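Asker: Following this line is model.cif, made up of mmCIF, C-alpha atoms:
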```
data_coords
#
loop_
_atom_site.label_atom_id
_atom_site.label_comp_id
_atom_site.auth_asym_id
_atom_site.auth_seq_id
_atom_site.Cartn_x
_atom_site.Cartn_y
_atom_site.Cartn_z
CA MET A 470 -26.86 33.68 -27.32
CA SER A 471 -25.75 37.19 -28.27
CA VAL A 472 -22.02 38.02 -28.44
CA PRO A 473 -22.04 39.72 -24.97
CA GLU A 474 -23.99 36.81 -23.44
CA GLN A 475 -21.61 34.18 -24.87
CA LEU A 476 -18.58 36.16 -23.67
CA ALA A 477 -20.15 36.55 -20.19
CA SER A 478 -20.77 32.79 -20.06
CA TYR A 479 -17.14 32.00 -20.90
CA ARG A 480 -15.96 34.54 -18.34
CA ALA A 481 -18.16 33.07 -15.59
CA SER A 482 -16.46 29.68 -16.18
CA ILE A 483 -12.99 31.28 -16.11
CA ASP A 484 -13.89 33.09 -12.86
CA ASN A 485 -15.01 29.79 -11.25
CA ILE A 486 -11.74 28.11 -12.25
CA ASP A 487 -9.71 31.08 -10.98
CA ALA A 488 -11.43 30.92 -7.59
CA ALA A 489 -10.52 27.21 -7.40
CA LEU A 490 -6.90 28.01 -8.41
CA VAL A 491 -6.61 30.69 -5.69
CA HIS A 492 -7.93 28.33 -3.01
CA LEU A 493 -5.60 25.52 -4.12
CA LEU A 494 -2.64 27.90 -4.16
CA ALA A 495 -3.57 29.10 -0.64
CA GLU A 496 -3.53 25.48 0.54
CA ARG A 497 -0.26 24.76 -1.31
CA PHE A 498 1.46 27.72 0.39
CA LYS A 499 0.16 26.61 3.80
CA ILE A 500 1.97 23.30 3.22
CA THR A 501 5.14 24.86 1.84
CA GLN A 502 5.23 27.27 4.82
CA ALA A 503 5.08 24.22 7.10
CA VAL A 504 7.87 22.62 5.03
CA GLY A 505 9.90 25.83 5.40
CA ARG A 506 9.60 25.78 9.20
CA PHE A 507 10.32 22.04 9.25
CA LYS A 508 13.43 22.40 7.05
CA ALA A 509 14.73 25.32 9.11
CA GLU A 510 14.27 23.34 12.37
CA ALA A 511 15.91 20.24 10.83
CA GLY A 512 18.78 22.34 9.42
CA LEU A 513 17.94 21.43 5.80
CA ASP A 514 18.56 23.79 2.85
CA ALA A 515 15.58 25.88 1.68
CA SER A 516 16.02 24.80 -1.94
CA ASP A 517 16.43 21.27 -3.30
CA PRO A 518 17.28 21.20 -7.04
CA GLY A 519 16.80 17.40 -7.30
CA ARG A 520 13.25 17.70 -5.97
CA GLU A 521 12.49 20.54 -8.39
CA ASP A 522 13.74 18.48 -11.36
CA GLU A 523 11.44 15.61 -10.32
CA GLN A 524 8.47 17.97 -9.96
CA ILE A 525 9.10 19.51 -13.38
CA ALA A 526 9.38 16.11 -15.11
CA ARG A 527 6.17 14.90 -13.43
CA LEU A 528 4.18 18.06 -14.20
CA ARG A 529 5.36 18.14 -17.83
CA ALA A 530 4.03 14.57 -18.21
CA LEU A 531 0.71 15.50 -16.54
CA ALA A 532 0.49 18.57 -18.79
CA GLU A 533 0.90 16.46 -21.93
CA GLU A 534 -1.85 14.10 -20.77
CA SER A 535 -4.25 16.97 -20.05
CA GLY A 536 -3.53 19.03 -23.18
CA LEU A 537 -1.56 21.82 -21.47
CA ASP A 538 1.67 23.21 -22.97
CA PRO A 539 4.52 21.44 -21.04
CA GLY A 540 6.78 24.49 -21.47
CA PHE A 541 4.15 26.74 -19.91
CA THR A 542 3.68 24.24 -17.07
CA GLU A 543 7.40 24.27 -16.32
CA SER A 544 7.41 28.11 -16.26
CA PHE A 545 4.35 27.97 -13.98
CA LEU A 546 6.07 25.65 -11.50
CA ARG A 547 9.24 27.76 -11.51
CA PHE A 548 7.12 30.85 -10.86
CA ILE A 549 5.51 29.20 -7.80
CA VAL A 550 8.75 27.65 -6.53
CA SER A 551 10.56 31.01 -6.67
CA GLU A 552 7.84 32.40 -4.35
CA VAL A 553 8.18 29.36 -2.05
CA ILE A 554 11.98 29.79 -1.83
CA ARG A 555 11.49 33.49 -0.99
CA HIS A 556 9.22 32.38 1.91
CA HIS A 557 11.66 29.68 3.05
CA GLU A 558 14.58 32.08 3.09
CA ALA A 559 12.52 34.52 5.18
CA ILE A 560 11.67 31.69 7.63
CA ALA A 561 15.35 30.62 7.81
CA ARG A 562 16.38 34.23 8.61
CA GLU A 563 13.90 34.30 11.53
CA GLN A 564 15.42 31.23 13.23
CA MET B 1329 7.72 10.19 11.82
CA SER B 1330 11.38 10.54 10.87
CA VAL B 1331 12.59 13.70 9.09
CA PRO B 1332 12.59 12.00 5.62
CA GLU B 1333 9.12 10.51 6.25
CA GLN B 1334 7.65 13.85 7.31
CA LEU B 1335 9.19 15.59 4.30
CA ALA B 1336 7.87 12.84 1.97
CA SER B 1337 4.39 13.28 3.47
CA TYR B 1338 4.41 17.05 2.86
CA ARG B 1339 5.68 16.49 -0.68
CA ALA B 1340 2.94 13.97 -1.48
CA SER B 1341 0.35 16.61 -0.54
CA ILE B 1342 2.11 19.24 -2.68
CA ASP B 1343 2.20 16.79 -5.61
CA ASN B 1344 -1.55 16.15 -5.28
CA ILE B 1345 -2.28 19.88 -5.29
CA ASP B 1346 0.02 20.42 -8.28
CA ALA B 1347 -1.79 17.72 -10.28
CA ALA B 1348 -5.08 19.50 -9.51
CA LEU B 1349 -3.56 22.86 -10.54
CA VAL B 1350 -2.33 21.42 -13.87
CA HIS B 1351 -5.75 19.95 -14.65
CA LEU B 1352 -7.54 23.18 -13.76
CA LEU B 1353 -5.10 25.19 -15.89
CA ALA B 1354 -5.65 22.80 -18.82
CA GLU B 1355 -9.39 23.40 -18.52
CA ARG B 1356 -8.89 27.17 -18.16
CA PHE B 1357 -6.83 27.31 -21.36
CA LYS B 1358 -9.44 25.25 -23.21
CA ILE B 1359 -11.97 27.97 -22.35
CA THR B 1360 -9.64 30.87 -23.16
CA GLN B 1361 -8.78 29.24 -26.51
CA ALA B 1362 -12.52 29.13 -27.26
CA VAL B 1363 -12.76 32.80 -26.19
CA GLY B 1364 -9.85 33.62 -28.51
CA ARG B 1365 -11.57 32.01 -31.50
CA PHE B 1366 -14.86 33.65 -30.53
CA LYS B 1367 -13.28 37.12 -30.19
CA ALA B 1368 -11.43 36.75 -33.51
CA GLU B 1369 -14.66 35.74 -35.29
CA ALA B 1370 -16.60 38.58 -33.64
CA GLY B 1371 -13.82 41.07 -34.48
CA LEU B 1372 -13.13 41.87 -30.80
CA ASP B 1373 -9.67 42.82 -29.46
CA ALA B 1374 -7.59 39.99 -27.94
CA SER B 1375 -6.94 41.97 -24.73
CA ASP B 1376 -9.46 43.78 -22.55
CA PRO B 1377 -7.82 45.87 -19.81
CA GLY B 1378 -11.16 46.58 -18.04
CA ARG B 1379 -11.83 42.85 -17.69
CA GLU B 1380 -8.30 42.25 -16.37
CA ASP B 1381 -8.72 44.99 -13.72
CA GLU B 1382 -11.97 43.35 -12.56
CA GLN B 1383 -10.31 39.91 -12.41
CA ILE B 1384 -7.38 41.27 -10.40
CA ALA B 1385 -9.65 43.05 -7.89
CA ARG B 1386 -11.79 39.92 -7.44
CA LEU B 1387 -8.82 37.56 -7.05
CA ARG B 1388 -7.05 39.87 -4.59
CA ALA B 1389 -10.21 39.80 -2.43
CA LEU B 1390 -10.43 35.98 -2.70
CA ALA B 1391 -6.73 35.74 -1.84
CA GLU B 1392 -7.20 37.79 1.32
CA GLU B 1393 -10.10 35.58 2.42
CA SER B 1394 -8.09 32.40 1.84
CA GLY B 1395 -4.81 33.57 3.39
CA LEU B 1396 -2.86 33.96 0.12
CA ASP B 1397 -0.64 37.01 -0.54
CA PRO B 1398 -2.78 39.35 -2.76
CA GLY B 1399 0.35 40.69 -4.47
CA PHE B 1400 1.43 37.18 -5.40
CA THR B 1401 -2.09 36.43 -6.66
CA GLU B 1402 -2.02 39.49 -8.91
CA SER B 1403 1.38 38.42 -10.34
CA PHE B 1404 -0.03 34.92 -10.84
CA LEU B 1405 -3.03 36.20 -12.81
CA ARG B 1406 -0.82 38.48 -14.93
CA PHE B 1407 1.46 35.49 -15.65
CA ILE B 1408 -1.52 33.42 -16.89
CA VAL B 1409 -3.13 36.29 -18.80
CA SER B 1410 0.12 37.03 -20.66
CA GLU B 1411 0.08 33.41 -21.89
CA VAL B 1412 -3.61 33.72 -22.86
CA ILE B 1413 -2.95 36.93 -24.83
CA ARG B 1414 -0.06 35.18 -26.62
CA HIS B 1415 -2.53 32.42 -27.63
CA HIS B 1416 -5.21 34.94 -28.69
CA GLU B 1417 -2.77 36.88 -30.85
CA ALA B 1418 -1.72 33.62 -32.55
CA ILE B 1419 -5.40 32.78 -33.19
CA ALA B 1420 -6.06 36.30 -34.57
CA ARG B 1421 -3.07 35.95 -36.96
CA GLU B 1422 -4.55 32.68 -38.29
CA GLN B 1423 -7.89 34.30 -39.25
#
```
What would you get if you wrote out this structure as structure tokens?

Answerer:
Amino acid sequence: MSVPEQLASYRASIDNIDAALVHLLAERFKITQAVGRFKAEAGLDASDPGREDEQIARLRALAEESGLDPGFTESFLRFIVSEVIRHHEAIAREQ
Amino acid sequence: MSVPEQLASYRASIDNIDAALVHLLAERFKITQAVGRFKAEAGLDASDPGREDEQIARLRALAEESGLDPGFTESFLRFIVSEVIRHHEAIAREQ
């Protein structure tokens, strides 16, 4: 393969993975939106630091198994959770 | 279902999705590491703004189709790409 062909092949694989990531994230936010409405109706706090600590510990372990940087994985989860909390606070304000 | 049972059920689904996300990210970084080595050997720049613009446009469209916030999706891609560029620069320094 030429240099442009090899690069295009790598990029096609990255694009396939990114499409899968977007669809999984869409599904994850559908669930966390449902959790947000459920927590607001049940009078529970939007954030739960104990749950976040458990998620981080679990994902760091999964990252190590799969060859991903655990530090990056923790930053990734915090990035997603900060978006989820923003949604939950918006839902709580609407109640 | 009681409130704790319903919450536990939602969380089990989120944990399944997060495990899938971690494994997909591990695979994505394996490919981008290969791209980093390939670019360094071919003497290509680590970053490619034209490629990033194309990825962002494509993922924003996929996000809209799947009900995900396109702005969040763009931030998500930039978050991942900044990690990839950090890896590529480290690889280029090793050459």

Asker: Which chain A residues are at most 7 Å from chain B (counting all atoms listed in the file), as JSON, numbers by chain?

Answerer: {"A": [479, 483, 486, 490, 491, 492, 493, 495, 497, 500, 504, 532, 535, 536, 537]}

Asker: Write the residues you've just listed into a file as an mmCIF file, in the coordinates of the input, and include C-alpha atoms for each of them.

Answerer:
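Result file selection15.cif:
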```
data_model
loop_
_atom_site.group_PDB
_atom_site.id
_atom_site.type_symbol
_atom_site.label_atom_id
_atom_site.label_comp_id
_atom_site.auth_asym_id
_atom_site.auth_seq_id
_atom_site.Cartn_x
_atom_site.Cartn_y
_atom_site.Cartn_z
ATOM 1 C CA TYR A 479 -17.140 32.000 -20.900
ATOM 2 C CA ILE A 483 -12.990 31.280 -16.110
ATOM 3 C CA ILE A 486 -11.740 28.110 -12.250
ATOM 4 C CA LEU A 490 -6.900 28.010 -8.410
ATOM 5 C CA VAL A 491 -6.610 30.690 -5.690
ATOM 6 C CA HIS A 492 -7.930 28.330 -3.010
ATOM 7 C CA LEU A 493 -5.600 25.520 -4.120
ATOM 8 C CA ALA A 495 -3.570 29.100 -0.640
ATOM 9 C CA ARG A 497 -0.260 24.760 -1.310
ATOM 10 C CA ILE A 500 1.970 23.300 3.220
ATOM 11 C CA VAL A 504 7.870 22.620 5.030
ATOM 12 C CA ALA A 532 0.490 18.570 -18.790
ATOM 13 C CA SER A 535 -4.250 16.970 -20.050
ATOM 14 C CA GLY A 536 -3.530 19.030 -23.180
ATOM 15 C CA LEU A 537 -1.560 21.820 -21.470
#
```

Asker: Could you check how far CA of Glu558 in chain A sits from CA of Ser516 in chain A, in Å to one decimal?

Answerer: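 Between CA of Glu558 in chain A and CA of Ser516 in chain A the gap works out to 9.0 Å.
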
Asker: Emit as JSON the padded axis-aligned box for all listed atoms of range 520-536 of chain A, 8 Å per side, with centre and edge lengths in Å to one decimal.

Answerer:
```
{"center_x": 4.7, "center_y": 17.3, "center_z": -14.6, "size_x": 34.0, "size_y": 22.4, "size_z": 33.2}
```

Asker: Give the answer as one residue: which of B:Arg1414, B:Arg1421, B:Ala1385, B:Pro1332 has the shortest atom-to-atom distance to Ala1368 in chain B, using all atoms listed in the file?

Answerer: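 For Ala1368 in chain B, the nearest of the candidates is B:Arg1421.
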
Asker: Could you work out how far CA of Gln502 in chain A lies from CA of Ile525 in chain A, giving the answer in Å with one decimal?

Answerer: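 These two atoms are separated by 20.2 Å.
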
Asker: Kindly give the distance, in Å, that separates CA of Gly1371 in chain B and CA of Ile1419 in chain B, rounded to a single decimal.

Answerer: 11.9 Å

Asker: Counting all atoms listed in the file, which of A:Ala477, A:Ala530, A:Met470, A:Ala561 gets nearest to Ala515 in chain A?

Answerer: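 With all atoms listed in the file as the atom set, the closest residue is A:Ala561.
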